[in-house]
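> Quick one: the structure is below, and I'll ask about it shortly.
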Number of protein chains: 2
Amino acid sequence: MKILLVFAHPESRSLNGALRDVAVQELRTQGHEVRVSDLYAQHWKAAVDHADFPPLPPDTRLKVAGASKQAFEADALTGDVKAEIEKLLWADVLILQFPLWWFSMPAILKGWVDRVFAYGFAYGVGEHSEKRWGDRYGEGRLSGKRAMLIVTAGGWQEHYSARGINGPIDDLLFPINHGILYYPGYDVLPPYVVYRVDRLDEGAFAPIAQGLRERMRTLATTAPIAYRQQNGGDYLIPGMQLRAGLGDPHARGFALHVSHEDAVEAELNLDAAE
Amino acid sequence: MKILLVFAHPESRSLNGALRDVAVQELRTQGHEVRVSDLYAQHWKAAVDHADFPPLPPDTRLKVAGASKQAFEADALTGDVKAEIEKLLWADVLILQFPLWWFSMPAILKGWVDRVFAYGFAYGVGEHSEKRWGDRYGEGRLSGKRAMLIVTAGGWQEHYSARGINGPIDDLLFPINHGILYYPGYDVLPPYVVYRVDRLDEGAFAPIAQGLRERMRTLATTAPIAYRQQNGGDYLIPGMQLRAGLGDPHARGFALHVSHEDAVEAELNLDAAE
């Protein structure tokens, strides 16, 4: 397979740097092609602004979605953005690796999403009708590909558990996994999360690296998170609310958008494929 | 009161720009002092890197939390960060205003948080013991102050409702409201959210502006979201999990961390105060 790893840590001599090297080495050992977008090394421009849209005359009011659409359609986005789009189209699997800062991704990586996920490429794709609300949430230009997060967190795993004070890690990552990756079509694998990274000693690294190698070996076979496809019948169109009767009756919020029946089915298919 | 509005939109001639002007004008009419941090106008540097920590020798490995702690304690953070910290200490109320991009804040604003919310200032504050786990989640250097989001979204309100496909807006904003604002001590007011902003016509603006003016007039009296204080007895220390028996037994995820009894109590106090 072809794999793109987007790396968003300012220090290569860090745990994140070491884990990136472990992942890349394991993937290459398995015979995969790997490319790395090291955002700090690339001096990635984080803020969306007027300069991102060369077709827009200098004094024209910037409407981001419209300017993005126009520039993408004209193949006139800036060179750095076009290079990342080319890598995304090349890759079968996208991995985003970052330290969890303030319960989300670092600014430089958010700026990669804000700039690279252009209108017509990652959103604003497909037709709207009574049966479809565009190609998004499981459909879109990146469908058929897989994506996964590698995340390091300073806090304790318990603090990110179902009743932990930070909120459950799956919910904290939902705006990324569902809102950024599933939205343009990726099948999203469960994240690989490492906790208490500021307190790791030497002995702790080996099992963490081993777990990551295992995840890299199973990229093609790990069952994705069973998010519900937007246009698959589960949602009312155009209000896009989950139909009555679907979802755990006690579930609230993000958990509603994971189909547990589908998850079981995916595991069965996986078993059958082995 | 003293109010700091942090503005994160690349175009002043935008709905966001117009709403900022409405908010600032109303606050000044009410006799408040207002300062605006216009991040694009300030050319705010978004990415945390080695240069943010002048005390760190050039070839030294960057450990972000440690470097932040050292620089904050030595009053040696960069000038742009120190200026924002000074504004935060000055202001009684912090308002963050931004367009919702990919279900979170724009990179430039995330970079303001990543850089300004230093160790020793916004995290890593207070002592750890059997009864306290630092001063965070309702306690900290910014306690006694209020904060609020003003957010514009391209999508429909229904898509952000309890069963909407994007996930509920309160859950999407939880990592910001709870994880960024409540964490260093702010009382967090419900956000002011405007939907379908790409399709607004002239007639739609007046009621939106009117609603915003009303929120600006009630900054001091609006009941905050009733997040649970970390050290108030609701959480087990050090695991920081919500004690058994607390929270709606059917609630999952972020909703557990809002105390509905407290919310009722806050409303009663507000009634009594009127």
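Note on naming: chains are A, B, ... as they come in the structure tokens, residues start from 1 per chain, ligands start from 1 in the order shown.
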Assign secondary structure with DSSP using the backbone only, and return the residues of stretch 147-265 of chain A in helix (DSSP H, G or I) as an MDAnalysis selection string.

chainID A and resid 157:160 169:182 197:199 202:217 230:232 253:257 260:265

> For A:Glu33, find every residue with an atom within 8 Å (counting only C-alpha atoms), except residues of its own chain fewer than 4 positions away, and show them as a count of residues only.

5

> For B:Leu236, which residue out of B:Arg217, B:Arg13, B:Arg132, B:Arg199 is the nearest one, using only C-alpha atoms?

B:Arg132

> Within 10 Å of B:Trp44, counting only C-alpha atoms, which residues qualify if same-chain residues fewer than 5 places away don't, as an MDAnalysis selection string?

(chainID A and resid 47) or (chainID B and resid 8 37:39 80:81 108:109 111:112)

> Based on the selection just made, write N, CA and C atoms of those residues as a tab-separated table (two decimals), in the first residue's frame.


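Generated output (out_15.tsv):
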```tsv
chain	number	residue	atom	x	y	z
A	47	ALA	N	-2.26	29.66	8.74
A	47	ALA	CA	-3.47	30.48	8.70
A	47	ALA	C	-4.02	30.63	7.28
B	8	ALA	N	-10.88	36.04	15.11
B	8	ALA	CA	-10.07	35.15	14.27
B	8	ALA	C	-10.74	34.88	12.93
B	37	SER	N	-8.22	41.72	20.22
B	37	SER	CA	-7.05	41.10	19.61
B	37	SER	C	-7.48	40.54	18.27
B	38	ASP	N	-7.13	41.25	17.19
B	38	ASP	CA	-7.50	40.83	15.84
B	38	ASP	C	-6.32	40.01	15.31
B	39	LEU	N	-6.44	38.70	15.40
B	39	LEU	CA	-5.27	37.84	15.18
B	39	LEU	C	-4.70	37.96	13.77
B	80	ASP	N	4.86	39.04	22.00
B	80	ASP	CA	3.47	38.92	21.55
B	80	ASP	C	2.65	38.08	22.53
B	81	VAL	N	3.26	37.03	23.07
B	81	VAL	CA	2.55	36.19	24.05
B	81	VAL	C	2.34	36.95	25.36
B	108	ILE	N	-5.30	29.77	13.31
B	108	ILE	CA	-4.66	30.94	13.91
B	108	ILE	C	-5.11	31.13	15.36
B	109	LEU	N	-6.36	30.79	15.65
B	109	LEU	CA	-6.86	30.90	17.03
B	109	LEU	C	-6.36	29.75	17.89
B	111	GLY	N	-3.58	28.44	17.53
B	111	GLY	CA	-2.21	28.84	17.81
B	111	GLY	C	-2.11	29.93	18.87
B	112	TRP	N	-3.14	30.72	18.98
B	112	TRP	CA	-3.19	31.70	20.08
B	112	TRP	C	-3.31	30.95	21.41
```

> Determine, counting only C-alpha atoms, which protein, DNA and RNA residues have an atom within 10 Å of an atom of B:Val197; residues of the same chain fewer than 2 positions away are not included. Present the result as a PDB file with C-alpha atoms, in the first residue's frame.


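Generated file (result.pdb):
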```pdb
ATOM      1  CA  LEU B  15     -20.349  38.647   8.649  1.00  0.00           C
ATOM      2  CA  ASN B  16     -17.852  37.967  11.434  1.00  0.00           C
ATOM      3  CA  PRO B  99     -15.962  30.795  12.119  1.00  0.00           C
ATOM      4  CA  THR B 152     -20.539  31.233  12.868  1.00  0.00           C
ATOM      5  CA  ALA B 153     -21.257  27.964  11.063  1.00  0.00           C
ATOM      6  CA  GLY B 154     -21.994  27.248   7.428  1.00  0.00           C
ATOM      7  CA  GLY B 155     -24.230  24.269   8.183  1.00  0.00           C
ATOM      8  CA  TRP B 156     -27.846  24.060   9.234  1.00  0.00           C
ATOM      9  CA  VAL B 194     -25.152  31.649  14.011  1.00  0.00           C
ATOM     10  CA  TYR B 195     -25.931  28.961  11.398  1.00  0.00           C
ATOM     11  CA  ARG B 199     -26.768  31.884   2.759  1.00  0.00           C
ATOM     12  CA  LEU B 200     -27.749  34.892   4.848  1.00  0.00           C
ATOM     13  CA  ASP B 201     -29.620  37.678   3.114  1.00  0.00           C
ATOM     14  CA  ALA B 204     -31.435  37.965   8.249  1.00  0.00           C
ATOM     15  CA  PHE B 205     -28.715  40.145   9.726  1.00  0.00           C
TER      16      PHE B 205
END
```

> Choose the residue, out of A:Ala41, A:Leu189, A:Leu242, A:Ile208, that has the smallest atom-to-atom separation from chain B; count only C-alpha atoms.

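Counting only C-alpha atoms, the residue closest to chain B is A:Leu242.
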
> When you count only C-alpha atoms, which of these residues is closest to chain B: A:Asn166, A:Gln97, A:Thr29, A:Thr222?

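With only C-alpha atoms as the atom set, the closest residue is A:Asn166.
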
> Counting only C-alpha atoms, which of B:Ala46, B:Val125, B:Leu212, B:Ala67 gets nearest to chain A?

B:Ala46

> Write out as an MDAnalysis selection string the residues lying within 12 Å of B:His50, counting only C-alpha atoms and excluding same-chain residues fewer than 5 positions away.

(chainID A and resid 9:12 40) or (chainID B and resid 55:68 71 77:78 115)
